$ cat work-v8.cif   # mmCIF, C-alpha atoms and all ligand atoms
data_entry
#
loop_
_atom_site.label_atom_id
_atom_site.label_comp_id
_atom_site.auth_asym_id
_atom_site.auth_seq_id
_atom_site.Cartn_x
_atom_site.Cartn_y
_atom_site.Cartn_z
CA MET A 1 118.17 -68.28 -26.92
CA PRO A 2 117.77 -64.83 -25.30
CA VAL A 3 114.96 -62.72 -26.76
CA THR A 4 116.43 -59.28 -27.43
CA ARG A 5 114.43 -57.87 -30.34
CA LEU A 6 110.73 -57.09 -30.80
CA ALA A 7 108.34 -56.76 -33.73
CA VAL A 8 104.69 -55.80 -33.22
CA LEU A 9 101.36 -55.74 -35.00
CA LEU A 10 99.35 -52.55 -34.51
CA GLY A 11 95.66 -52.82 -35.36
CA ASP A 12 92.17 -52.97 -33.95
CA PRO A 13 91.07 -55.73 -33.73
CA VAL A 14 94.13 -57.99 -33.70
CA ALA A 15 92.88 -61.03 -31.79
CA HIS A 16 92.11 -62.92 -35.04
CA SER A 17 95.56 -62.33 -36.51
CA LEU A 18 97.80 -65.20 -37.60
CA SER A 19 100.83 -62.90 -37.91
CA PRO A 20 102.22 -63.70 -34.39
CA LEU A 21 102.10 -67.42 -35.19
CA ILE A 22 103.79 -66.88 -38.57
CA HIS A 23 106.63 -64.64 -37.38
CA ASN A 24 107.29 -66.38 -34.05
CA THR A 25 107.51 -69.72 -35.89
CA ALA A 26 110.05 -68.20 -38.31
CA PHE A 27 112.11 -66.56 -35.52
CA ARG A 28 112.24 -69.85 -33.60
CA GLU A 29 113.05 -71.96 -36.64
CA LEU A 30 115.97 -69.70 -37.66
CA GLY A 31 117.26 -69.21 -34.08
CA ILE A 32 116.63 -65.45 -34.15
CA GLY A 33 116.26 -63.98 -30.63
CA ALA A 34 113.15 -61.96 -31.36
CA VAL A 35 109.45 -62.06 -30.52
CA TYR A 36 106.36 -60.77 -32.39
CA ARG A 37 103.45 -59.42 -30.38
CA ALA A 38 99.98 -58.26 -31.50
CA LEU A 39 99.02 -55.01 -29.76
CA ARG A 40 95.40 -53.91 -29.97
CA THR A 41 95.77 -50.23 -30.84
CA PRO A 42 92.67 -48.00 -31.06
CA ALA A 43 93.00 -45.11 -33.53
CA ALA A 44 93.64 -42.53 -30.78
CA ALA A 45 96.63 -44.56 -29.52
CA LEU A 46 98.31 -44.95 -32.94
CA PRO A 47 100.70 -41.94 -32.71
CA SER A 48 102.11 -43.05 -29.34
CA ALA A 49 102.32 -46.69 -30.49
CA VAL A 50 104.32 -45.64 -33.58
CA GLN A 51 106.51 -43.43 -31.37
CA GLY A 52 107.14 -46.55 -29.25
CA LEU A 53 108.86 -48.16 -32.26
CA ARG A 54 111.73 -45.67 -31.88
CA ARG A 55 113.81 -47.98 -29.69
CA PRO A 56 117.09 -49.79 -30.46
CA ASN A 57 115.62 -53.24 -29.68
CA VAL A 58 112.61 -52.83 -32.01
CA LEU A 59 112.82 -54.42 -35.47
CA GLY A 60 109.61 -52.75 -36.64
CA ALA A 61 105.90 -53.29 -37.02
CA ASN A 62 103.08 -54.47 -39.19
CA LEU A 63 99.94 -52.34 -39.55
CA THR A 64 96.49 -53.74 -40.07
CA ILE A 65 92.88 -52.48 -40.01
CA PRO A 66 92.36 -49.50 -39.60
CA HIS A 67 95.88 -47.99 -39.53
CA LYS A 68 97.46 -48.59 -42.94
CA GLU A 69 96.71 -45.11 -44.26
CA ALA A 70 96.93 -43.07 -41.03
CA THR A 71 100.46 -44.37 -40.32
CA LEU A 72 101.91 -42.72 -43.46
CA ALA A 73 102.11 -39.31 -41.81
CA LEU A 74 103.85 -40.68 -38.69
CA LEU A 75 106.97 -42.05 -40.45
CA ASP A 76 110.28 -40.48 -41.51
CA VAL A 77 110.75 -42.23 -44.88
CA LEU A 78 108.40 -44.02 -47.30
CA ASP A 79 109.58 -46.45 -49.93
CA ALA A 80 108.33 -45.72 -53.47
CA THR A 81 105.62 -48.42 -53.45
CA ALA A 82 104.16 -47.36 -50.09
CA ARG A 83 104.09 -43.74 -51.28
CA ALA A 84 102.39 -44.68 -54.55
CA VAL A 85 99.84 -46.95 -52.86
CA GLY A 86 99.14 -44.45 -50.08
CA ALA A 87 99.18 -47.19 -47.44
CA VAL A 88 101.82 -48.82 -45.22
CA ASN A 89 101.65 -52.33 -43.79
CA THR A 90 105.27 -52.68 -42.65
CA VAL A 91 107.55 -50.34 -40.71
CA VAL A 92 111.28 -50.92 -40.27
CA SER A 93 112.96 -49.24 -37.30
CA GLU A 94 116.54 -48.33 -38.23
CA GLN A 95 119.54 -46.48 -36.79
CA ASP A 96 118.69 -47.49 -33.20
CA GLY A 97 115.09 -46.35 -33.70
CA ARG A 98 115.88 -42.88 -35.01
CA VAL A 99 114.48 -43.59 -38.50
CA LEU A 100 111.15 -45.28 -39.21
CA THR A 101 110.69 -46.37 -42.85
CA GLY A 102 107.33 -47.48 -44.28
CA TYR A 103 106.82 -50.23 -46.87
CA ASN A 104 103.84 -51.94 -48.48
CA THR A 105 104.46 -55.67 -48.69
CA ASP A 106 100.76 -56.38 -49.42
CA VAL A 107 101.58 -55.61 -53.07
CA THR A 108 104.12 -58.45 -53.46
CA GLY A 109 102.03 -60.74 -51.25
CA PHE A 110 98.91 -60.18 -53.38
CA LEU A 111 100.73 -60.97 -56.64
CA GLU A 112 102.29 -64.25 -55.47
CA PRO A 113 99.26 -66.51 -56.12
CA LEU A 114 98.71 -64.82 -59.52
CA GLN A 115 102.17 -65.66 -60.91
CA GLU A 116 100.85 -68.51 -63.06
CA VAL A 117 97.55 -66.79 -63.96
CA THR A 118 96.91 -65.05 -67.30
CA LEU A 119 94.53 -62.10 -67.03
CA GLU A 120 93.04 -60.16 -69.94
CA GLY A 121 90.18 -57.67 -70.09
CA ALA A 122 88.87 -56.18 -66.85
CA ALA A 123 89.31 -56.61 -63.11
CA VAL A 124 87.03 -55.42 -60.29
CA VAL A 125 88.34 -54.59 -56.83
CA LEU A 126 85.61 -54.56 -54.14
CA GLY A 127 86.43 -52.01 -51.42
CA SER A 128 88.45 -48.81 -51.23
CA GLY A 129 90.59 -49.21 -48.12
CA GLY A 130 94.30 -49.88 -47.70
CA ALA A 131 94.16 -53.39 -49.16
CA ALA A 132 92.12 -52.23 -52.18
CA ARG A 133 94.76 -49.57 -52.88
CA ALA A 134 97.56 -52.15 -52.75
CA VAL A 135 95.60 -54.47 -55.06
CA ALA A 136 94.84 -51.70 -57.57
CA TYR A 137 98.51 -50.68 -57.61
CA ALA A 138 99.65 -54.31 -58.03
CA LEU A 139 97.24 -54.89 -60.92
CA LEU A 140 98.36 -51.65 -62.62
CA VAL A 141 102.07 -52.51 -62.49
CA ALA A 142 101.93 -56.29 -63.05
CA PHE A 143 99.21 -56.78 -65.71
CA SER A 144 98.10 -55.10 -68.94
CA LEU A 145 94.38 -54.97 -68.21
CA ASP A 146 91.92 -52.89 -70.27
CA ARG A 147 89.98 -51.77 -67.16
CA ILE A 148 90.48 -51.91 -63.40
CA TRP A 149 87.25 -51.01 -61.57
CA ILE A 150 87.27 -49.89 -57.94
CA ALA A 151 83.78 -50.68 -56.59
CA ALA A 152 83.01 -49.23 -53.17
CA ARG A 153 79.82 -48.69 -51.19
CA ARG A 154 80.87 -45.03 -50.85
CA LYS A 155 81.71 -44.09 -54.44
CA GLU A 156 83.67 -41.01 -53.36
CA ARG A 157 86.17 -43.33 -51.66
CA ALA A 158 86.59 -45.28 -54.93
CA ASP A 159 87.02 -41.94 -56.74
CA ALA A 160 89.83 -41.09 -54.31
CA VAL A 161 91.69 -44.36 -55.05
CA VAL A 162 91.49 -43.68 -58.81
CA ARG A 163 92.63 -40.08 -58.31
CA ASP A 164 95.53 -41.02 -56.01
CA LEU A 165 96.86 -43.66 -58.43
CA SER A 166 96.32 -41.54 -61.56
CA LEU A 167 100.03 -40.70 -61.99
CA LEU A 168 100.74 -44.41 -62.49
CA ASP A 169 97.77 -44.89 -64.78
CA ALA A 170 99.11 -43.47 -68.04
CA ALA A 171 96.70 -45.61 -70.10
CA GLY A 172 93.67 -44.48 -68.06
CA VAL A 173 92.44 -47.99 -67.16
CA LEU A 174 91.32 -47.20 -63.58
CA ARG A 175 87.59 -46.47 -63.10
CA SER A 176 85.37 -46.07 -60.03
CA THR A 177 81.81 -47.23 -59.40
CA GLY A 178 79.40 -47.61 -56.54
CA LEU A 179 79.23 -51.22 -55.31
CA ALA A 180 75.46 -51.25 -55.81
CA GLN A 181 75.90 -50.22 -59.48
CA ALA A 182 78.68 -52.73 -60.25
CA ALA A 183 76.65 -55.79 -61.39
CA ALA A 184 77.53 -55.54 -65.09
CA VAL A 185 81.25 -54.95 -64.54
CA ILE A 186 81.44 -57.82 -62.04
CA ARG A 187 79.78 -60.21 -64.51
CA GLU A 188 82.18 -59.24 -67.29
CA ALA A 189 85.40 -59.08 -65.25
CA ALA A 190 88.17 -61.65 -65.66
CA LEU A 191 89.19 -61.07 -62.02
CA VAL A 192 87.05 -60.18 -59.01
CA VAL A 193 88.96 -59.27 -55.82
CA ASN A 194 87.25 -58.95 -52.45
CA ALA A 195 89.13 -56.30 -50.47
CA THR A 196 86.30 -55.71 -47.98
CA PRO A 197 85.97 -57.51 -44.63
CA VAL A 198 82.60 -58.99 -45.68
CA GLY A 199 82.85 -62.76 -45.12
CA MET A 200 85.37 -62.69 -42.25
CA ALA A 201 84.70 -65.07 -39.36
CA ALA A 202 82.17 -62.75 -37.66
CA THR A 203 80.19 -62.42 -40.93
CA ALA A 204 81.16 -65.80 -42.41
CA ALA A 205 77.80 -66.40 -44.11
CA GLU A 206 77.87 -63.05 -45.93
CA VAL A 207 79.12 -62.21 -49.43
CA PRO A 208 80.03 -58.72 -50.71
CA ILE A 209 78.22 -59.20 -54.08
CA GLU A 210 75.29 -61.13 -55.53
CA PRO A 211 76.70 -64.66 -56.07
CA HIS A 212 74.79 -65.12 -59.35
CA LEU A 213 77.13 -62.52 -60.93
CA LEU A 214 80.03 -65.02 -60.81
CA ARG A 215 80.69 -67.28 -63.80
CA GLY A 216 83.03 -69.90 -65.20
CA GLY A 217 86.35 -68.60 -66.51
CA GLN A 218 86.67 -65.89 -63.86
CA VAL A 219 89.30 -65.71 -61.14
CA VAL A 220 87.75 -64.85 -57.77
CA TYR A 221 90.34 -63.76 -55.21
CA ASP A 222 89.21 -63.18 -51.62
CA LEU A 223 91.83 -61.44 -49.47
CA ILE A 224 90.15 -62.87 -46.35
CA TYR A 225 92.05 -65.84 -44.83
CA ASN A 226 89.82 -66.57 -41.84
CA PRO A 227 87.83 -68.60 -42.76
CA ARG A 228 90.14 -70.17 -45.36
CA ARG A 229 87.24 -70.88 -47.69
CA THR A 230 84.83 -67.96 -47.55
CA ALA A 231 81.22 -68.02 -48.73
CA LEU A 232 82.34 -65.97 -51.77
CA LEU A 233 84.94 -68.63 -52.68
CA ARG A 234 82.37 -71.40 -52.29
CA HIS A 235 80.05 -69.56 -54.68
CA ALA A 236 82.99 -69.02 -57.07
CA SER A 237 83.74 -72.76 -57.16
CA ALA A 238 80.08 -73.59 -57.70
CA ALA A 239 80.00 -71.16 -60.66
CA GLY A 240 83.10 -72.76 -62.23
CA ALA A 241 85.41 -69.82 -61.40
CA LEU A 242 88.96 -70.24 -60.05
CA PRO A 243 88.90 -69.44 -56.28
CA ILE A 244 91.98 -67.98 -54.55
CA GLY A 245 91.96 -67.37 -50.78
CA GLY A 246 94.00 -64.88 -48.77
CA LEU A 247 96.37 -67.23 -46.93
CA ASP A 248 99.15 -67.29 -49.55
CA MET A 249 99.02 -63.48 -49.67
CA LEU A 250 99.24 -63.38 -45.89
CA VAL A 251 102.36 -65.55 -45.85
CA GLY A 252 103.81 -63.69 -48.88
CA GLN A 253 103.45 -60.24 -47.29
CA ALA A 254 104.80 -61.62 -43.99
CA ALA A 255 107.84 -63.15 -45.73
CA ALA A 256 108.61 -59.78 -47.38
CA ALA A 257 108.33 -57.98 -44.01
CA PHE A 258 110.49 -60.64 -42.32
CA ARG A 259 113.18 -60.12 -45.01
CA LEU A 260 113.13 -56.35 -44.36
CA TRP A 261 113.49 -56.81 -40.58
CA THR A 262 116.04 -59.64 -40.51
CA GLY A 263 117.64 -59.94 -43.96
CA ARG A 264 116.64 -63.63 -43.86
CA GLU A 265 114.21 -65.73 -45.92
CA MET A 266 111.14 -66.92 -44.02
CA PRO A 267 111.08 -70.74 -43.73
CA ARG A 268 107.74 -70.99 -45.55
CA GLN A 269 107.30 -74.76 -45.45
CA VAL A 270 107.54 -74.77 -41.65
CA VAL A 271 105.19 -71.76 -41.44
CA HIS A 272 102.58 -73.44 -43.67
CA ARG A 273 102.83 -76.65 -41.61
CA VAL A 274 102.21 -74.71 -38.39
CA LEU A 275 99.28 -72.84 -40.00
CA ARG A 276 97.71 -76.19 -40.94
CA THR A 277 98.05 -77.31 -37.32
CA ALA A 278 96.41 -74.05 -36.19
CA ASP A 279 93.51 -74.91 -38.52
CA ALA A 280 93.02 -78.13 -36.63
CA ASP A 281 93.06 -76.22 -33.33
CA PRO A 282 90.39 -73.51 -33.59
CA ALA A 283 91.59 -71.93 -30.34
CA GLN A 284 94.63 -70.65 -32.24
CA GLY A 285 92.78 -69.62 -35.41
P1 LIG A 301 90.00 -51.12 -44.54
O1 LIG A 301 91.09 -50.16 -44.85
O2 LIG A 301 89.23 -50.99 -43.28
O3 LIG A 301 88.99 -51.08 -45.80
C1 LIG A 301 87.85 -51.90 -45.83
C2 LIG A 301 87.01 -51.57 -47.07
O4 LIG A 301 85.87 -52.43 -47.06
C3 LIG A 301 86.47 -50.13 -47.10
O5 LIG A 301 86.43 -49.72 -48.44
C4 LIG A 301 85.06 -50.30 -46.55
O6 LIG A 301 84.14 -49.35 -47.05
C5 LIG A 301 84.67 -51.64 -47.14
N1 LIG A 301 83.61 -52.28 -46.38
C6 LIG A 301 83.57 -52.54 -45.05
N2 LIG A 301 82.42 -53.15 -44.72
C7 LIG A 301 81.71 -53.26 -45.88
C8 LIG A 301 80.42 -53.76 -46.19
N3 LIG A 301 79.64 -54.31 -45.24
N4 LIG A 301 80.01 -53.70 -47.47
C9 LIG A 301 80.78 -53.17 -48.44
N5 LIG A 301 82.01 -52.65 -48.20
C10 LIG A 301 82.46 -52.70 -46.93
O7 LIG A 301 90.55 -52.63 -44.54
P2 LIG A 301 91.77 -53.24 -45.38
O8 LIG A 301 93.02 -53.13 -44.60
O9 LIG A 301 91.71 -52.66 -46.74
O10 LIG A 301 91.37 -54.80 -45.40
C11 LIG A 301 90.26 -55.27 -46.14
C12 LIG A 301 90.20 -56.80 -46.07
O11 LIG A 301 91.35 -57.38 -46.67
C13 LIG A 301 90.14 -57.36 -44.66
O12 LIG A 301 89.28 -58.48 -44.65
C14 LIG A 301 91.56 -57.82 -44.39
O13 LIG A 301 91.62 -58.88 -43.46
C15 LIG A 301 91.95 -58.30 -45.78
N6 LIG A 301 93.41 -58.29 -45.99
C16 LIG A 301 94.04 -59.48 -46.18
C17 LIG A 301 95.40 -59.50 -46.39
C18 LIG A 301 96.10 -60.81 -46.60
O14 LIG A 301 97.33 -60.84 -46.46
N7 LIG A 301 95.42 -61.86 -46.97
C19 LIG A 301 96.12 -58.31 -46.41
C20 LIG A 301 95.44 -57.10 -46.23
C21 LIG A 301 94.07 -57.11 -46.01
P3 LIG A 301 83.86 -47.97 -46.28
O15 LIG A 301 85.04 -47.10 -46.60
O16 LIG A 301 82.59 -47.50 -46.88
O17 LIG A 301 83.76 -48.32 -44.80
#
$ encode --input "work-v8.cif" --output "structure tokens"
Amino acid sequence: MPVTRLAVLLGDPVAHSLSPLIHNTAFRELGIGAVYRALRTPAAALPSAVQGLRRPNVLGANLTIPHKEATLALLDVLDATARAVGAVNTVVSEQDGRVLTGYNTDVTGFLEPLQEVTLEGAAVVLGSGGAARAVAYALLVAFSLDRIWIAARRKERADAVVRDLSLLDAAGVLRSTGLAQAAAVIREAALVVNATPVGMAATAAEVPIEPHLLRGGQVVYDLIYNPRRTALLRHASAAGALPIGGLDMLVGQAAAAFRLWTGREMPRQVVHRVLRTADADPAQG
């Protein structure tokens, strides 16, 4: 099968990413002549990398740390969700590369594992970056919570998330707090979401909050997928909380991007099988 089309991941770092494995498995399985490459892209190189998507053979791109917000200004069109969230994780190159459209598929990906979960009361989102924005937006539109706290180590960044989403927050449920002042809201929350990188492979022993704040009856959702079971999720299980890891979100946001690029459904069973094999082979992790 000749490879004629290209999709890329722009981020820094990208070496840990499972996205090439996910998308290349799906392209191969469906007989689509395309390849997905991870390109380490320092911040200074982002404008030229986005400009490089303006080619007829390019399907589009995913954006990861730290480019999800900076990419907004480099695109021609933003879909309503990406504009509301203020962050883009997927770009589609259309009309032979003349039009670049930005989407945020993290929102749908995040909600997938919560489809069967009932949430009432408050939620706390740890972090104030692109993923935290997508999570706050998803919680606002999909649940009727009394409070959604954004808890960030720099409170002014949490303030900015609340301010930027205020048009969608007619009931005034969004609130900001410093992470160091968030103990009481974390203890009371029905849902705690880790949208910081604390606990990723390089810091695998670390947790973003004091573990004793977790309790039975809570849902603890860690967006991190490497390792699959983070220290935070281990503490959540020990406290009797329901732990949810980031892998289903990863596949969910990838499937939504794949649909935008190809118009096809990602063969998820095959993708999950290959991801399990990658688990057994740490060199691919
Ligand atoms: P980002 O835009 O760089 O934001 C990271 C946030 O974490 C910022 O608010 C940052 O605070 C905070 N932070 C960083 N180090 C911290 C520390 N030591 N203590 C407390 N807060 C800290 O990154 P992102 O794109 O939002 O991604 C965040 C995490 O979500 C990453 O682990 C990423 O892999 C994961 N993620 C997973 C999926 C998935 O599909 N499963 C999708 C998206 C993201 P400052 O602003 O103060 O630096």
$ closest_residue --input "work-v8.cif" --among "A:Gly263, A:Gly252, A:Pro197, A:Gly217" --to "A:Glu120" --atoms "only C-alpha atoms"
A:Gly217
$ atom_distance --input "work-v8.cif" --atom1 "atom CA of A:Gly178" --atom2 "atom CA of A:Arg154"
6.4 Å
$ closest_atom_pairs --input "work-v8.cif" --of "chain A" --to "ligand LIG 301 (chain A)" --cutoff "6 Å" --atoms "all atoms listed in the file" --output "JSON lines"
{"residue": "A:Thr64", "atom": "CA", "partner": "A:LIG301", "partner_atom": "O8", "distance": 5.7}
{"residue": "A:Ile65", "atom": "CA", "partner": "A:LIG301", "partner_atom": "O8", "distance": 4.6}
{"residue": "A:Pro66", "atom": "CA", "partner": "A:LIG301", "partner_atom": "O2", "distance": 5.1}
{"residue": "A:Asp106", "atom": "CA", "partner": "A:LIG301", "partner_atom": "C19", "distance": 5.9}
{"residue": "A:Gly127", "atom": "CA", "partner": "A:LIG301", "partner_atom": "O5", "distance": 3.8}
{"residue": "A:Ser128", "atom": "CA", "partner": "A:LIG301", "partner_atom": "O5", "distance": 3.6}
{"residue": "A:Gly129", "atom": "CA", "partner": "A:LIG301", "partner_atom": "O3", "distance": 3.4}
{"residue": "A:Gly130", "atom": "CA", "partner": "A:LIG301", "partner_atom": "O9", "distance": 3.9}
{"residue": "A:Ala131", "atom": "CA", "partner": "A:LIG301", "partner_atom": "O9", "distance": 3.5}
{"residue": "A:Ala132", "atom": "CA", "partner": "A:LIG301", "partner_atom": "O9", "distance": 5.5}
{"residue": "A:Ala152", "atom": "CA", "partner": "A:LIG301", "partner_atom": "O5", "distance": 5.9}
{"residue": "A:Arg153", "atom": "CA", "partner": "A:LIG301", "partner_atom": "O16", "distance": 5.3}
{"residue": "A:Arg154", "atom": "CA", "partner": "A:LIG301", "partner_atom": "O16", "distance": 5.0}
{"residue": "A:Ala195", "atom": "CA", "partner": "A:LIG301", "partner_atom": "O11", "distance": 4.5}
{"residue": "A:Thr196", "atom": "CA", "partner": "A:LIG301", "partner_atom": "O4", "distance": 3.4}
{"residue": "A:Pro197", "atom": "CA", "partner": "A:LIG301", "partner_atom": "O12", "distance": 3.4}
{"residue": "A:Val198", "atom": "CA", "partner": "A:LIG301", "partner_atom": "N3", "distance": 5.6}
{"residue": "A:Pro208", "atom": "CA", "partner": "A:LIG301", "partner_atom": "N4", "distance": 6.0}
{"residue": "A:Leu223", "atom": "CA", "partner": "A:LIG301", "partner_atom": "N7", "distance": 4.4}
{"residue": "A:Ile224", "atom": "CA", "partner": "A:LIG301", "partner_atom": "O12", "distance": 4.8}
{"residue": "A:Tyr225", "atom": "CA", "partner": "A:LIG301", "partner_atom": "N7", "distance": 5.6}
{"residue": "A:Gly246", "atom": "CA", "partner": "A:LIG301", "partner_atom": "N7", "distance": 3.8}
{"residue": "A:Leu247", "atom": "CA", "partner": "A:LIG301", "partner_atom": "N7", "distance": 5.5}
{"residue": "A:Met249", "atom": "CA", "partner": "A:LIG301", "partner_atom": "O14", "distance": 4.5}
{"residue": "A:Leu250", "atom": "CA", "partner": "A:LIG301", "partner_atom": "O14", "distance": 3.2}
$ atom_distance --input "work-v8.cif" --atom1 "atom CA of A:Val185" --atom2 "atom CA of A:Val124"
7.2 Å
$ residues_around --input "work-v8.cif" --residues "A:Val135" --least-positions-apart "6" --cutoff "8 Å" --atoms "only C-alpha atoms" --output "PyMOL selection string"
chain A and resi 106-107+110+125
$ atom_distance --input "work-v8.cif" --atom1 "atom CA of A:Leu145" --atom2 "atom CA of A:Ala236"
21.2 Å
$ residues_near_point --input "work-v8.cif" --point "(98.2, -51.2, -56.7)" --cutoff "6 Å" --atoms "all atoms listed in the file" --output "list in words"
Val85, Arg133, Ala134, Val135, Ala136, Tyr137, Ala138, Leu139 and Leu140 of chain A
$ write_last_selection --input "work-v8.cif" --atoms "C-alpha atoms" --output "short mmCIF file (atom, residue, chain, number, x, y, z; two decimals), keeping the file's coordinate frame"
data_model
loop_
_atom_site.label_atom_id
_atom_site.label_comp_id
_atom_site.auth_asym_id
_atom_site.auth_seq_id
_atom_site.Cartn_x
_atom_site.Cartn_y
_atom_site.Cartn_z
CA VAL A 85 99.84 -46.95 -52.86
CA ARG A 133 94.76 -49.57 -52.88
CA ALA A 134 97.56 -52.15 -52.75
CA VAL A 135 95.60 -54.47 -55.06
CA ALA A 136 94.84 -51.70 -57.57
CA TYR A 137 98.51 -50.68 -57.61
CA ALA A 138 99.65 -54.31 -58.03
CA LEU A 139 97.24 -54.89 -60.92
CA LEU A 140 98.36 -51.65 -62.62
#
$ residues_around --input "work-v8.cif" --residues "A:Gln51" --least-positions-apart "4" --cutoff "10 Å" --atoms "all atoms listed in the file" --output "list of chain:residue names"
A:Leu46, A:Pro47, A:Arg55, A:Leu74, A:Leu75, A:Gly97, A:Leu100
$ residues_around --input "work-v8.cif" --residues "stretch 264-281 of chain A" --least-positions-apart "2" --cutoff "10 Å" --atoms "all atoms listed in the file" --output "VMD selection string"
chain A and resid 18 21 to 27 29 to 30 32 226 to 228 247 to 248 251 to 252 254 to 262 283 to 285
$ write_last_selection --input "work-v8.cif" --atoms "C-alpha atoms" --output "short mmCIF file (atom, residue, chain, number, x, y, z; two decimals), in the frame of the given file"
data_model
loop_
_atom_site.label_atom_id
_atom_site.label_comp_id
_atom_site.auth_asym_id
_atom_site.auth_seq_id
_atom_site.Cartn_x
_atom_site.Cartn_y
_atom_site.Cartn_z
CA LEU A 18 97.80 -65.20 -37.60
CA LEU A 21 102.10 -67.42 -35.19
CA ILE A 22 103.79 -66.88 -38.57
CA HIS A 23 106.63 -64.64 -37.38
CA ASN A 24 107.29 -66.38 -34.05
CA THR A 25 107.51 -69.72 -35.89
CA ALA A 26 110.05 -68.20 -38.31
CA PHE A 27 112.11 -66.56 -35.52
CA GLU A 29 113.05 -71.96 -36.64
CA LEU A 30 115.97 -69.70 -37.66
CA ILE A 32 116.63 -65.45 -34.15
CA ASN A 226 89.82 -66.57 -41.84
CA PRO A 227 87.83 -68.60 -42.76
CA ARG A 228 90.14 -70.17 -45.36
CA LEU A 247 96.37 -67.23 -46.93
CA ASP A 248 99.15 -67.29 -49.55
CA VAL A 251 102.36 -65.55 -45.85
CA GLY A 252 103.81 -63.69 -48.88
CA ALA A 254 104.80 -61.62 -43.99
CA ALA A 255 107.84 -63.15 -45.73
CA ALA A 256 108.61 -59.78 -47.38
CA ALA A 257 108.33 -57.98 -44.01
CA PHE A 258 110.49 -60.64 -42.32
CA ARG A 259 113.18 -60.12 -45.01
CA LEU A 260 113.13 -56.35 -44.36
CA TRP A 261 113.49 -56.81 -40.58
CA THR A 262 116.04 -59.64 -40.51
CA ALA A 283 91.59 -71.93 -30.34
CA GLN A 284 94.63 -70.65 -32.24
CA GLY A 285 92.78 -69.62 -35.41
#
$ axis_aligned_box --input "work-v8.cif" --around "stretch 223-230 of chain A" --padding-each-side "5 Å" --output "lines of an AutoDock Vina configuration file"
center_x = 88.4
center_y = -66.2
center_z = -45.7
size_x = 17.2
size_y = 19.4
size_z = 17.6
$ build_atoms --input "work-v8.cif" --residues "stretch 275-279 of chain A" --atoms "all heavy atoms" --output "PDB file, in the frame of the given file"
ATOM      1  N   LEU A 275     100.610 -73.415 -39.722  1.00  0.00           N
ATOM      2  CA  LEU A 275      99.280 -72.840 -40.000  1.00  0.00           C
ATOM      3  C   LEU A 275      98.243 -73.940 -40.180  1.00  0.00           C
ATOM      4  O   LEU A 275      97.095 -73.789 -39.767  1.00  0.00           O
ATOM      5  CB  LEU A 275      99.333 -71.938 -41.232  1.00  0.00           C
ATOM      6  CG  LEU A 275     100.062 -70.605 -41.041  1.00  0.00           C
ATOM      7  CD1 LEU A 275     100.217 -69.881 -42.369  1.00  0.00           C
ATOM      8  CD2 LEU A 275      99.323 -69.709 -40.046  1.00  0.00           C
ATOM      9  N   ARG A 276      98.654 -75.056 -40.798  1.00  0.00           N
ATOM     10  CA  ARG A 276      97.710 -76.190 -40.940  1.00  0.00           C
ATOM     11  C   ARG A 276      97.349 -76.746 -39.582  1.00  0.00           C
ATOM     12  O   ARG A 276      96.203 -77.095 -39.322  1.00  0.00           O
ATOM     13  CB  ARG A 276      98.301 -77.270 -41.853  1.00  0.00           C
ATOM     14  CG  ARG A 276      98.126 -76.962 -43.334  1.00  0.00           C
ATOM     15  CD  ARG A 276      98.385 -78.190 -44.187  1.00  0.00           C
ATOM     16  NE  ARG A 276      99.761 -78.655 -44.100  1.00  0.00           N
ATOM     17  CZ  ARG A 276     100.765 -78.164 -44.828  1.00  0.00           C
ATOM     18  NH1 ARG A 276     100.551 -77.219 -45.701  1.00  0.00           N
ATOM     19  NH2 ARG A 276     101.985 -78.630 -44.679  1.00  0.00           N
ATOM     20  N   THR A 277      98.317 -76.821 -38.672  1.00  0.00           N
ATOM     21  CA  THR A 277      98.050 -77.310 -37.320  1.00  0.00           C
ATOM     22  C   THR A 277      97.100 -76.355 -36.601  1.00  0.00           C
ATOM     23  O   THR A 277      96.188 -76.777 -35.902  1.00  0.00           O
ATOM     24  CB  THR A 277      99.379 -77.398 -36.518  1.00  0.00           C
ATOM     25  OG1 THR A 277     100.336 -78.035 -37.325  1.00  0.00           O
ATOM     26  CG2 THR A 277      99.186 -78.155 -35.222  1.00  0.00           C
ATOM     27  N   ALA A 278      97.298 -75.040 -36.818  1.00  0.00           N
ATOM     28  CA  ALA A 278      96.410 -74.050 -36.190  1.00  0.00           C
ATOM     29  C   ALA A 278      94.984 -74.224 -36.679  1.00  0.00           C
ATOM     30  O   ALA A 278      94.031 -74.030 -35.931  1.00  0.00           O
ATOM     31  CB  ALA A 278      96.899 -72.635 -36.493  1.00  0.00           C
ATOM     32  N   ASP A 279      94.840 -74.623 -37.971  1.00  0.00           N
ATOM     33  CA  ASP A 279      93.510 -74.910 -38.520  1.00  0.00           C
ATOM     34  C   ASP A 279      92.802 -75.982 -37.740  1.00  0.00           C
ATOM     35  O   ASP A 279      91.600 -75.929 -37.501  1.00  0.00           O
ATOM     36  CB  ASP A 279      93.649 -75.414 -39.963  1.00  0.00           C
ATOM     37  CG  ASP A 279      93.462 -74.286 -40.952  1.00  0.00           C
ATOM     38  OD1 ASP A 279      93.075 -73.203 -40.520  1.00  0.00           O
ATOM     39  OD2 ASP A 279      93.714 -74.516 -42.139  1.00  0.00           O
TER      40      ASP A 279
END
